[in-house]
file target36.pdb (PDB, C-alpha atoms (C1' of nucleotides))
ATOM      1  CA  MET A   1      88.954  91.418  96.276
ATOM      2  CA  ARG A   2      86.197  88.943  97.043
ATOM      3  CA  ILE A   3      83.620  88.879  99.756
ATOM      4  CA  SER A   4      82.957  85.459 101.255
ATOM      5  CA  THR A   5      79.834  83.400 100.677
ATOM      6  CA  ARG A   6      78.745  84.444 104.160
ATOM      7  CA  GLY A   7      78.400  88.020 102.969
ATOM      8  CA  GLU A   8      76.978  86.985  99.643
ATOM      9  CA  TYR A   9      74.357  84.678 101.169
ATOM     10  CA  GLY A  10      73.699  87.118 103.977
ATOM     11  CA  VAL A  11      72.753  89.902 101.585
ATOM     12  CA  ARG A  12      70.538  87.580  99.568
ATOM     13  CA  ALA A  13      68.815  86.353 102.720
ATOM     14  CA  MET A  14      68.278  89.879 103.990
ATOM     15  CA  VAL A  15      66.829  90.951 100.651
ATOM     16  CA  TYR A  16      64.495  87.989 100.891
ATOM     17  CA  MET A  17      63.467  89.120 104.366
ATOM     18  CA  ALA A  18      62.836  92.604 103.032
ATOM     19  CA  LEU A  19      60.756  91.314 100.131
ATOM     20  CA  ASN A  20      58.626  89.429 102.646
ATOM     21  CA  TYR A  21      58.748  92.051 105.351
ATOM     22  CA  LEU A  22      54.985  91.922 105.934
ATOM     23  CA  ASP A  23      54.865  88.170 106.498
ATOM     24  CA  GLY A  24      56.032  88.374 110.102
ATOM     25  CA  ASP A  25      58.370  85.696 111.358
ATOM     26  CA  ILE A  26      60.126  83.857 108.583
ATOM     27  CA  PRO A  27      61.745  80.498 109.435
ATOM     28  CA  LEU A  28      65.162  79.728 108.070
ATOM     29  CA  SER A  29      63.798  76.610 106.406
ATOM     30  CA  ARG A  30      61.810  78.826 104.071
ATOM     31  CA  ILE A  31      64.762  81.043 103.165
ATOM     32  CA  ALA A  32      66.995  78.025 102.728
ATOM     33  CA  LEU A  33      64.459  76.477 100.379
ATOM     34  CA  GLU A  34      63.686  79.525  98.299
ATOM     35  CA  GLU A  35      67.211  80.888  98.109
ATOM     36  CA  ASN A  36      68.761  77.449  97.756
ATOM     37  CA  ILE A  37      71.211  77.866 100.604
ATOM     38  CA  SER A  38      72.078  75.238 103.200
ATOM     39  CA  GLN A  39      69.894  75.809 106.254
ATOM     40  CA  GLN A  40      72.687  74.886 108.645
ATOM     41  CA  TYR A  41      74.989  77.344 106.973
ATOM     42  CA  LEU A  42      72.297  80.010 107.131
ATOM     43  CA  GLU A  43      72.021  79.404 110.862
ATOM     44  CA  GLN A  44      75.646  80.395 111.214
ATOM     45  CA  ILE A  45      75.046  83.467 109.137
ATOM     46  CA  PHE A  46      71.961  84.626 111.014
ATOM     47  CA  SER A  47      73.650  84.432 114.382
ATOM     48  CA  PRO A  48      75.914  87.475 113.817
ATOM     49  CA  LEU A  49      73.093  89.299 112.033
ATOM     50  CA  ARG A  50      71.019  88.946 115.168
ATOM     51  CA  GLN A  51      73.874  89.881 117.466
ATOM     52  CA  SER A  52      74.408  92.999 115.372
ATOM     53  CA  GLY A  53      70.793  93.971 115.902
ATOM     54  CA  LEU A  54      69.795  93.747 112.249
ATOM     55  CA  ILE A  55      67.208  91.038 112.811
ATOM     56  CA  ASN A  56      65.034  89.799 115.642
ATOM     57  CA  SER A  57      64.376  86.159 116.347
ATOM     58  CA  LYS A  58      61.524  84.218 117.883
ATOM     59  CA  ARG A  59      62.171  80.695 119.054
ATOM     60  CA  GLY A  60      59.873  77.718 118.988
ATOM     61  CA  ALA A  61      57.174  76.573 116.595
ATOM     62  CA  LYS A  62      55.902  79.361 114.342
ATOM     63  CA  GLY A  63      59.045  81.231 115.240
ATOM     64  CA  GLY A  64      61.526  82.707 112.822
ATOM     65  CA  TYR A  65      63.291  85.924 111.999
ATOM     66  CA  THR A  66      62.125  89.437 111.221
ATOM     67  CA  LEU A  67      64.014  92.540 110.214
ATOM     68  CA  ALA A  68      64.776  94.586 113.309
ATOM     69  CA  ARG A  69      63.800  97.790 111.473
ATOM     70  CA  SER A  70      62.254  98.780 108.178
ATOM     71  CA  PRO A  71      64.152  98.022 104.963
ATOM     72  CA  GLU A  72      65.051 101.646 104.321
ATOM     73  CA  LYS A  73      66.997 101.688 107.586
ATOM     74  CA  ILE A  74      69.143  98.633 106.914
ATOM     75  CA  PHE A  75      72.146  99.061 104.650
ATOM     76  CA  VAL A  76      74.276  96.606 102.760
ATOM     77  CA  GLY A  77      77.288  97.899 104.654
ATOM     78  CA  ASP A  78      75.629  96.914 107.928
ATOM     79  CA  ILE A  79      75.135  93.385 106.672
ATOM     80  CA  ILE A  80      78.618  92.926 105.261
ATOM     81  CA  ARG A  81      80.291  94.325 108.355
ATOM     82  CA  ALA A  82      78.174  92.110 110.613
ATOM     83  CA  LEU A  83      79.244  89.039 108.673
ATOM     84  CA  GLU A  84      82.819  89.826 107.707
ATOM     85  CA  GLY A  85      84.047  92.394 110.180
ATOM     86  CA  PRO A  86      85.342  95.815 109.210
ATOM     87  CA  ILE A  87      85.586  96.455 105.497
ATOM     88  CA  ALA A  88      89.245  97.079 104.676
ATOM     89  CA  PRO A  89      91.310  96.002 101.689
ATOM     90  CA  VAL A  90      94.411  95.422 103.796
ATOM     91  CA  GLU A  91      94.825  94.740 107.478
ATOM     92  CA  CYS A  92      96.667  97.956 108.274
ATOM     93  CA  VAL A  93      93.716 100.199 107.367
ATOM     94  CA  SER A  94      91.207  98.187 109.371
ATOM     95  CA  ASP A  95      89.531 100.020 112.254
ATOM     96  CA  GLN A  96      91.283  97.963 114.891
ATOM     97  CA  LYS A  97      94.739  98.540 113.488
ATOM     98  CA  LYS A  98      97.123 101.411 113.995
ATOM     99  CA  ASN A  99      99.689 102.624 111.497
ATOM    100  CA  GLU A 100     102.546 101.083 113.435
ATOM    101  CA  ASP A 101     101.227  97.579 112.867
ATOM    102  CA  CYS A 102     101.716  97.965 109.120
ATOM    103  CA  ARG A 103     103.782  95.303 107.414
ATOM    104  CA  CYS A 104     105.646  97.959 105.466
ATOM    105  CA  GLY A 105     107.162  99.547 108.571
ATOM    106  CA  LYS A 106     106.688 103.059 107.205
ATOM    107  CA  SER A 107     104.918 104.769 110.009
ATOM    108  CA  ASP A 108     103.285 107.672 108.197
ATOM    109  CA  ASN A 109     104.706 108.142 104.721
ATOM    110  CA  CYS A 110     103.409 104.905 103.222
ATOM    111  CA  LEU A 111     102.074 105.899  99.829
ATOM    112  CA  ALA A 112     100.400 102.538  99.293
ATOM    113  CA  ARG A 113      98.498 102.961 102.527
ATOM    114  CA  GLN A 114      96.782 106.035 101.153
ATOM    115  CA  VAL A 115      95.434 103.973  98.284
ATOM    116  CA  TRP A 116      94.029 101.402 100.696
ATOM    117  CA  GLU A 117      92.448 104.149 102.790
ATOM    118  CA  LYS A 118      90.778 105.698  99.779
ATOM    119  CA  LEU A 119      89.589 102.300  98.645
ATOM    120  CA  ARG A 120      88.288 101.434 102.099
ATOM    121  CA  ASP A 121      86.385 104.694 102.327
ATOM    122  CA  HIS A 122      85.011 104.390  98.810
ATOM    123  CA  ILE A 123      83.663 100.914  99.438
ATOM    124  CA  ASN A 124      82.174 101.874 102.775
ATOM    125  CA  GLU A 125      80.490 104.948 101.364
ATOM    126  CA  LEU A 126      78.897 102.956  98.584
ATOM    127  CA  LEU A 127      77.699 100.113 100.767
ATOM    128  CA  ASN A 128      76.515 102.445 103.517
ATOM    129  CA  ASP A 129      74.350 104.189 100.972
ATOM    130  CA  ILE A 130      72.441 101.196  99.598
ATOM    131  CA  SER A 131      69.497 100.197 101.756
ATOM    132  CA  LEU A 132      67.413  97.072 101.399
ATOM    133  CA  GLN A 133      64.573  99.355 100.314
ATOM    134  CA  ASP A 134      66.762 100.757  97.533
ATOM    135  CA  MET A 135      67.276  97.233  96.319
ATOM    136  CA  LEU A 136      63.563  96.450  96.388
ATOM    137  CA  ASP A 137      62.985  99.582  94.323
ATOM    138  CA  TRP A 138      65.355  98.249  91.651
ATOM    139  CA  LYS A 139      62.981  95.387  90.971
ATOM    140  CA  HIS A 140      61.656  96.074  87.488
TER     141      HIS A 140
ATOM    142  CA  MET B   1      87.096  92.276 101.277
ATOM    143  CA  ARG B   2      90.838  91.896 101.379
ATOM    144  CA  ILE B   3      93.421  91.977  98.660
ATOM    145  CA  SER B   4      96.201  89.446  98.990
ATOM    146  CA  THR B   5      99.779  90.229  99.953
ATOM    147  CA  ARG B   6     100.663  89.772  96.281
ATOM    148  CA  GLY B   7      98.609  92.839  95.441
ATOM    149  CA  GLU B   8      99.772  94.695  98.504
ATOM    150  CA  TYR B   9     103.464  93.995  97.913
ATOM    151  CA  GLY B  10     103.042  94.504  94.185
ATOM    152  CA  VAL B  11     101.771  98.035  94.643
ATOM    153  CA  ARG B  12     104.524  98.859  97.094
ATOM    154  CA  ALA B  13     107.167  97.483  94.745
ATOM    155  CA  MET B  14     105.752  99.412  91.802
ATOM    156  CA  VAL B  15     105.706 102.620  93.822
ATOM    157  CA  TYR B  16     109.313 101.966  94.685
ATOM    158  CA  MET B  17     110.098 101.532  90.996
ATOM    159  CA  ALA B  18     108.342 104.801  90.259
ATOM    160  CA  LEU B  19     110.223 106.640  92.985
ATOM    161  CA  ASN B  20     113.446 105.409  91.417
ATOM    162  CA  TYR B  21     112.299 105.657  87.842
ATOM    163  CA  LEU B  22     115.449 107.448  86.712
ATOM    164  CA  ASP B  23     117.832 104.849  88.113
ATOM    165  CA  GLY B  24     117.476 102.484  85.178
ATOM    166  CA  ASP B  25     117.385  98.760  85.876
ATOM    167  CA  ILE B  26     116.554  97.981  89.461
ATOM    168  CA  PRO B  27     117.358  94.479  90.724
ATOM    169  CA  LEU B  28     114.850  92.680  92.912
ATOM    170  CA  SER B  29     117.468  92.326  95.624
ATOM    171  CA  ARG B  30     117.337  96.088  96.114
ATOM    172  CA  ILE B  31     113.553  96.237  96.299
ATOM    173  CA  ALA B  32     113.448  93.215  98.593
ATOM    174  CA  LEU B  33     115.926  94.885 100.908
ATOM    175  CA  GLU B  34     114.412  98.339 100.983
ATOM    176  CA  GLU B  35     110.790  97.270 101.099
ATOM    177  CA  ASN B  36     111.488  94.343 103.416
ATOM    178  CA  ILE B  37     109.799  91.745 101.241
ATOM    179  CA  SER B  38     111.122  88.260 100.530
ATOM    180  CA  GLN B  39     113.061  88.365  97.269
ATOM    181  CA  GLN B  40     111.810  84.952  96.211
ATOM    182  CA  TYR B  41     108.257  86.003  96.812
ATOM    183  CA  LEU B  42     108.886  89.204  94.849
ATOM    184  CA  GLU B  43     110.107  87.102  91.937
ATOM    185  CA  GLN B  44     106.708  85.414  91.831
ATOM    186  CA  ILE B  45     105.024  88.782  91.915
ATOM    187  CA  PHE B  46     107.133  90.360  89.185
ATOM    188  CA  SER B  47     106.484  87.563  86.729
ATOM    189  CA  PRO B  48     102.812  88.480  86.085
ATOM    190  CA  LEU B  49     103.686  92.182  86.174
ATOM    191  CA  ARG B  50     106.092  91.584  83.320
ATOM    192  CA  GLN B  51     103.651  89.372  81.428
ATOM    193  CA  SER B  52     101.066  92.116  81.731
ATOM    194  CA  GLY B  53     103.473  94.564  80.141
ATOM    195  CA  LEU B  54     103.779  96.839  83.155
ATOM    196  CA  ILE B  55     107.512  96.329  83.575
ATOM    197  CA  ASN B  56     110.451  95.348  81.401
ATOM    198  CA  SER B  57     113.220  93.064  82.532
ATOM    199  CA  LYS B  58     116.876  92.661  81.702
ATOM    200  CA  ARG B  59     118.637  89.470  82.649
ATOM    201  CA  GLY B  60     122.176  88.936  83.776
ATOM    202  CA  ALA B  61     124.558  90.977  85.878
ATOM    203  CA  LYS B  62     123.524  94.627  86.128
ATOM    204  CA  GLY B  63     120.100  93.529  84.983
ATOM    205  CA  GLY B  64     116.845  94.266  86.729
ATOM    206  CA  TYR B  65     113.451  95.728  86.103
ATOM    207  CA  THR B  66     112.194  99.056  84.796
ATOM    208  CA  LEU B  67     108.715 100.449  84.452
ATOM    209  CA  ALA B  68     107.452  99.757  80.943
ATOM    210  CA  ARG B  69     106.057 103.278  80.697
ATOM    211  CA  SER B  70     106.101 106.469  82.706
ATOM    212  CA  PRO B  71     104.466 106.526  86.144
ATOM    213  CA  GLU B  72     101.530 108.640  85.019
ATOM    214  CA  LYS B  73     100.539 105.884  82.596
ATOM    215  CA  ILE B  74     100.502 103.028  85.091
ATOM    216  CA  PHE B  75      97.471 102.695  87.329
ATOM    217  CA  VAL B  76      96.864 100.843  90.552
ATOM    218  CA  GLY B  77      94.045  98.969  88.838
ATOM    219  CA  ASP B  78      96.528  97.634  86.265
ATOM    220  CA  ILE B  79      98.758  96.311  89.012
ATOM    221  CA  ILE B  80      96.008  94.712  91.056
ATOM    222  CA  ARG B  81      94.410  93.077  88.055
ATOM    223  CA  ALA B  82      97.772  91.737  86.877
ATOM    224  CA  LEU B  83      98.367  90.136  90.252
ATOM    225  CA  GLU B  84      94.895  89.067  91.327
ATOM    226  CA  GLY B  85      92.881  88.745  88.164
ATOM    227  CA  PRO B  86      89.687  90.675  87.481
ATOM    228  CA  ILE B  87      88.469  92.817  90.334
ATOM    229  CA  ALA B  88      85.048  91.526  91.364
ATOM    230  CA  PRO B  89      83.497  91.148  94.810
ATOM    231  CA  VAL B  90      81.748  87.912  93.861
ATOM    232  CA  GLU B  91      82.471  85.375  91.177
ATOM    233  CA  CYS B  92      79.290  85.967  89.213
ATOM    234  CA  VAL B  93      80.173  89.568  88.317
ATOM    235  CA  SER B  94      83.685  88.723  87.188
ATOM    236  CA  ASP B  95      84.474  89.368  83.539
ATOM    237  CA  GLN B  96      84.741  85.720  82.690
ATOM    238  CA  LYS B  97      81.406  84.798  84.167
ATOM    239  CA  LYS B  98      77.948  85.001  82.700
ATOM    240  CA  ASN B  99      74.746  85.584  84.623
ATOM    241  CA  GLU B 100      73.711  81.964  84.309
ATOM    242  CA  ASP B 101      76.678  80.770  86.306
ATOM    243  CA  CYS B 102      75.417  82.598  89.367
ATOM    244  CA  ARG B 103      75.042  80.548  92.509
ATOM    245  CA  CYS B 104      71.660  82.132  93.163
ATOM    246  CA  GLY B 105      70.088  80.720  90.008
ATOM    247  CA  LYS B 106      68.202  83.929  89.294
ATOM    248  CA  SER B 107      69.094  84.644  85.725
ATOM    249  CA  ASP B 108      68.417  88.362  85.537
ATOM    250  CA  ASN B 109      66.389  89.585  88.479
ATOM    251  CA  CYS B 110      69.011  89.029  91.147
ATOM    252  CA  LEU B 111      68.879  92.142  93.297
ATOM    253  CA  ALA B 112      72.052  91.229  95.147
ATOM    254  CA  ARG B 113      73.903  90.980  91.872
ATOM    255  CA  GLN B 114      73.226  94.635  91.172
ATOM    256  CA  VAL B 115      74.981  95.547  94.391
ATOM    257  CA  TRP B 116      78.012  93.516  93.399
ATOM    258  CA  GLU B 117      78.070  95.126  89.966
ATOM    259  CA  LYS B 118      77.944  98.612  91.438
ATOM    260  CA  LEU B 119      80.661  97.695  93.909
ATOM    261  CA  ARG B 120      82.824  96.159  91.182
ATOM    262  CA  ASP B 121      82.474  99.245  89.002
ATOM    263  CA  HIS B 122      83.117 101.613  91.896
ATOM    264  CA  ILE B 123      86.319  99.844  92.871
ATOM    265  CA  ASN B 124      87.545  99.647  89.296
ATOM    266  CA  GLU B 125      86.841 103.307  88.640
ATOM    267  CA  LEU B 126      88.760 104.353  91.716
ATOM    268  CA  LEU B 127      91.753 102.129  91.099
ATOM    269  CA  ASN B 128      91.833 102.919  87.376
ATOM    270  CA  ASP B 129      92.087 106.574  88.266
ATOM    271  CA  ILE B 130      95.091 106.448  90.581
ATOM    272  CA  SER B 131      98.409 106.415  88.731
ATOM    273  CA  LEU B 132     101.807 105.820  90.221
ATOM    274  CA  GLN B 133     102.553 109.468  89.484
ATOM    275  CA  ASP B 134      99.492 110.503  91.504
ATOM    276  CA  MET B 135     100.924 108.567  94.416
ATOM    277  CA  LEU B 136     104.331 110.186  94.084
ATOM    278  CA  ASP B 137     102.588 113.562  94.168
ATOM    279  CA  TRP B 138     101.013 112.660  97.507
ATOM    280  CA  LYS B 139     104.433 112.550  99.102
ATOM    281  CA  HIS B 140     104.318 115.320 101.657
TER     282      HIS B 140
ATOM    283  C1'  DT C   1      51.276  67.066 128.322
ATOM    284  C1'  DT C   2      53.239  65.560 124.429
ATOM    285  C1'  DT C   3      55.115  66.613 120.018
ATOM    286  C1'  DA C   4      56.940  69.006 116.328
ATOM    287  C1'  DA C   5      58.892  73.155 114.700
ATOM    288  C1'  DA C   6      61.886  76.343 115.260
ATOM    289  C1'  DG C   7      66.151  78.972 117.051
ATOM    290  C1'  DT C   8      71.008  78.426 119.440
ATOM    291  C1'  DT C   9      75.510  76.708 120.038
ATOM    292  C1'  DG C  10      79.844  74.425 119.380
ATOM    293  C1'  DA C  11      82.654  71.100 117.248
ATOM    294  C1'  DG C  12      84.474  68.950 113.282
ATOM    295  C1'  DT C  13      86.132  68.485 108.371
ATOM    296  C1'  DG C  14      87.751  68.260 103.580
ATOM    297  C1'  DA C  15      89.197  71.319 100.133
ATOM    298  C1'  DA C  16      91.191  75.313  98.702
ATOM    299  C1'  DT C  17      93.967  79.298  99.246
ATOM    300  C1'  DT C  18      97.695  81.955 101.108
ATOM    301  C1'  DA C  19     102.146  83.233 101.872
ATOM    302  C1'  DG C  20     105.672  82.061 101.443
ATOM    303  C1'  DT C  21     110.600  78.494 100.718
ATOM    304  C1'  DA C  22     113.621  75.833  98.170
ATOM    305  C1'  DT C  23     116.030  74.634  94.246
ATOM    306  C1'  DG C  24     117.642  74.831  89.841
ATOM    307  C1'  DT C  25     118.339  76.953  85.090
ATOM    308  C1'  DA C  26     119.372  80.681  81.777
ATOM    309  C1'  DT C  27     121.469  84.986  80.679
ATOM    310  C1'  DT C  28     124.643  88.767  80.865
ATOM    311  C1'  DA C  29     128.441  92.147  82.455
ATOM    312  C1'  DC C  30     132.903  92.225  83.773
TER     313       DC C  30
ATOM    314  C1'  DG D   1     135.041  82.051  84.239
ATOM    315  C1'  DT D   2     132.431  84.037  87.693
ATOM    316  C1'  DA D   3     129.190  86.629  89.957
ATOM    317  C1'  DA D   4     124.880  88.806  89.549
ATOM    318  C1'  DT D   5     120.753  88.737  87.901
ATOM    319  C1'  DA D   6     116.130  87.076  85.864
ATOM    320  C1'  DC D   7     113.162  83.004  85.179
ATOM    321  C1'  DA D   8     110.745  78.753  86.393
ATOM    322  C1'  DT D   9     108.892  75.057  89.032
ATOM    323  C1'  DA D  10     107.954  72.415  92.963
ATOM    324  C1'  DC D  11     106.989  72.136  97.609
ATOM    325  C1'  DT D  12     104.844  73.213 102.242
ATOM    326  C1'  DA D  13     102.917  74.815 106.638
ATOM    327  C1'  DA D  14      99.277  77.411 108.165
ATOM    328  C1'  DT D  15      95.101  79.406 107.560
ATOM    329  C1'  DT D  16      90.632  80.135 105.767
ATOM    330  C1'  DC D  17      86.407  78.657 103.535
ATOM    331  C1'  DA D  18      82.290  76.526 103.112
ATOM    332  C1'  DC D  19      80.135  73.950 104.850
ATOM    333  C1'  DT D  20      78.185  69.396 107.903
ATOM    334  C1'  DC D  21      76.980  67.194 112.259
ATOM    335  C1'  DA D  22      75.157  66.798 116.699
ATOM    336  C1'  DA D  23      73.084  68.373 120.769
ATOM    337  C1'  DC D  24      70.238  71.523 123.241
ATOM    338  C1'  DT D  25      66.468  75.110 124.267
ATOM    339  C1'  DT D  26      62.216  77.349 123.499
ATOM    340  C1'  DT D  27      57.549  77.715 121.944
ATOM    341  C1'  DA D  28      52.962  76.804 119.637
ATOM    342  C1'  DA D  29      49.650  73.720 118.862
ATOM    343  C1'  DA D  30      47.324  69.208 119.194
TER     344       DA D  30
END
call {"tool": "encode", "arguments": {"input": "target36.pdb", "output": "structure tokens"}}
result
Amino acid sequence: MRISTRGEYGVRAMVYMALNYLDGDIPLSRIALEENISQQYLEQIFSPLRQSGLINSKRGAKGGYTLARSPEKIFVGDIIRALEGPIAPVECVSDQKKNEDCRCGKSDNCLARQVWEKLRDHINELLNDISLQDMLDWKH
Amino acid sequence: MRISTRGEYGVRAMVYMALNYLDGDIPLSRIALEENISQQYLEQIFSPLRQSGLINSKRGAKGGYTLARSPEKIFVGDIIRALEGPIAPVECVSDQKKNEDCRCGKSDNCLARQVWEKLRDHINELLNDISLQDMLDWKH
DNA sequence: TTTAAAGTTGAGTGAATTAGTATGTATTAC
DNA sequence: GTAATACATACTAATTCACTCAACTTTAAA
């Protein structure tokens, strides 16, 4: 039950962006430096964040990234899903999958499946309810 | 955010054991057949389940496995933890780890960490609350 | 108009993990 | 003694992870 470093770094980077929301465009070099993450790896991470519409980019000198909307409108769930795809503890309860694709072969009376569905929904509800602004507010 | 097939198969096998709780010793060959899981792989999965005290084993002909206690006293969280270790979305909120080991270097004001802690606790609370008996009761 | 700073893209890579197989040993019922 | 079972260890092919590397495009500023 681990998220990858993409998700982990992505959340940290987005929190950093939220903390510095008023600074305008923030170059990756700055995030890489302050969060101690490889800049080239961050580039890979920011690409799907941009494609998901969570951040805007500006190319060229003095360019960088900005949050696409205010921190209270961006949720951890958005970030994780952008970076790791649909949140699902097993393949057969992922959005793209239908019951029939289940490894277990039980089309509708798979008791285990109901656990995975509950777990999936629980995780999504939690992560969809934590905004970047919520996280900023936690700061003592 | 996936669990491994060990956890997935482990839960299915344990549900099977619960469904057939009154049958006495159940050999792996039967579970492997009915749940369509490799018997050799199941052997690897049952070893930590036994070491965690969730099942008892009897060797030799007519041997097999039985639940170590009744289905209402065995929880999905027990099974997952036995097979995958502590449930934690990132390493730095795993039981074994201390704050200082965190990749981010922020000893106590890591905002991201608080998300992972909430997520960890949420998942554990859910899985610690679903017993095998609960699952049997779901059966239409 | 040049230059440097920045984003964008795709390929490559070594290490680790996953999802199993394969093989052999020990124990027990009959 | 034999067959059925648990137990244990080693092996492996494929995949994923966590990056690095290299090339290109765009833009601001000198």
call {"tool": "resolve_selection", "arguments": {"input": "target36.pdb", "expression": "the PyMOL selection byres ((chain B and resi 31) around 12)", "output": "count of residues only"}}
result
33
call {"tool": "resolve_selection", "arguments": {"input": "target36.pdb", "expression": "the PyMOL selection byres ((chain A) within 7 of (chain C))", "output": "count of residues only"}}
result
6
call {"tool": "closest_residue", "arguments": {"input": "target36.pdb", "among": "B:Leu119, B:Val93, B:Leu67, B:Ile45", "to": "Ile80 in chain B", "atoms": "all atoms listed in the file"}}
result
B:Ile45
call {"tool": "closest_residue", "arguments": {"input": "target36.pdb", "among": "B:Gln44, B:Ser57, B:Ser52, B:Asn109", "to": "DT5 in chain D", "atoms": "only C-alpha atoms (C1' of nucleotides)"}}
result
B:Ser57
call {"tool": "resolve_selection", "arguments": {"input": "target36.pdb", "expression": "the PyMOL selection byres ((chain D) within 9 of (chain B))", "output": "list in words"}}
result
DA3, DA4, DT5, DA6 and DC7 of chain D
call {"tool": "interface_residues", "arguments": {"input": "target36.pdb", "of": "chain B", "to": "chain A", "cutoff": "7 Å", "atoms": "only C-alpha atoms", "output": "PyMOL selection string"}}
result
chain B and resi 1-3+11-12+35+87-90+104+111-112+135
call {"tool": "write_last_selection", "arguments": {"input": "target36.pdb", "atoms": "C-alpha atoms", "output": "PDB file, in the frame of the given file"}}
result
ATOM      1  CA  MET B   1      87.096  92.276 101.277  1.00  0.00           C
ATOM      2  CA  ARG B   2      90.838  91.896 101.379  1.00  0.00           C
ATOM      3  CA  ILE B   3      93.421  91.977  98.660  1.00  0.00           C
ATOM      4  CA  VAL B  11     101.771  98.035  94.643  1.00  0.00           C
ATOM      5  CA  ARG B  12     104.524  98.859  97.094  1.00  0.00           C
ATOM      6  CA  GLU B  35     110.790  97.270 101.099  1.00  0.00           C
ATOM      7  CA  ILE B  87      88.469  92.817  90.334  1.00  0.00           C
ATOM      8  CA  ALA B  88      85.048  91.526  91.364  1.00  0.00           C
ATOM      9  CA  PRO B  89      83.497  91.148  94.810  1.00  0.00           C
ATOM     10  CA  VAL B  90      81.748  87.912  93.861  1.00  0.00           C
ATOM     11  CA  CYS B 104      71.660  82.132  93.163  1.00  0.00           C
ATOM     12  CA  LEU B 111      68.879  92.142  93.297  1.00  0.00           C
ATOM     13  CA  ALA B 112      72.052  91.229  95.147  1.00  0.00           C
ATOM     14  CA  MET B 135     100.924 108.567  94.416  1.00  0.00           C
TER      15      MET B 135
END
call {"tool": "atom_distance", "arguments": {"input": "target36.pdb", "atom1": "CA of Ile74 in chain A", "atom2": "CA of Leu54 in chain A"}}
result
7.3 Å
call {"tool": "atom_distance", "arguments": {"input": "target36.pdb", "atom1": "CA of Ala68 in chain B", "atom2": "CA of Ile55 in chain B"}}
result
4.3 Å
call {"tool": "atom_distance", "arguments": {"input": "target36.pdb", "atom1": "CA of Arg6 in chain B", "atom2": "CA of Leu83 in chain B"}}
result
6.5 Å
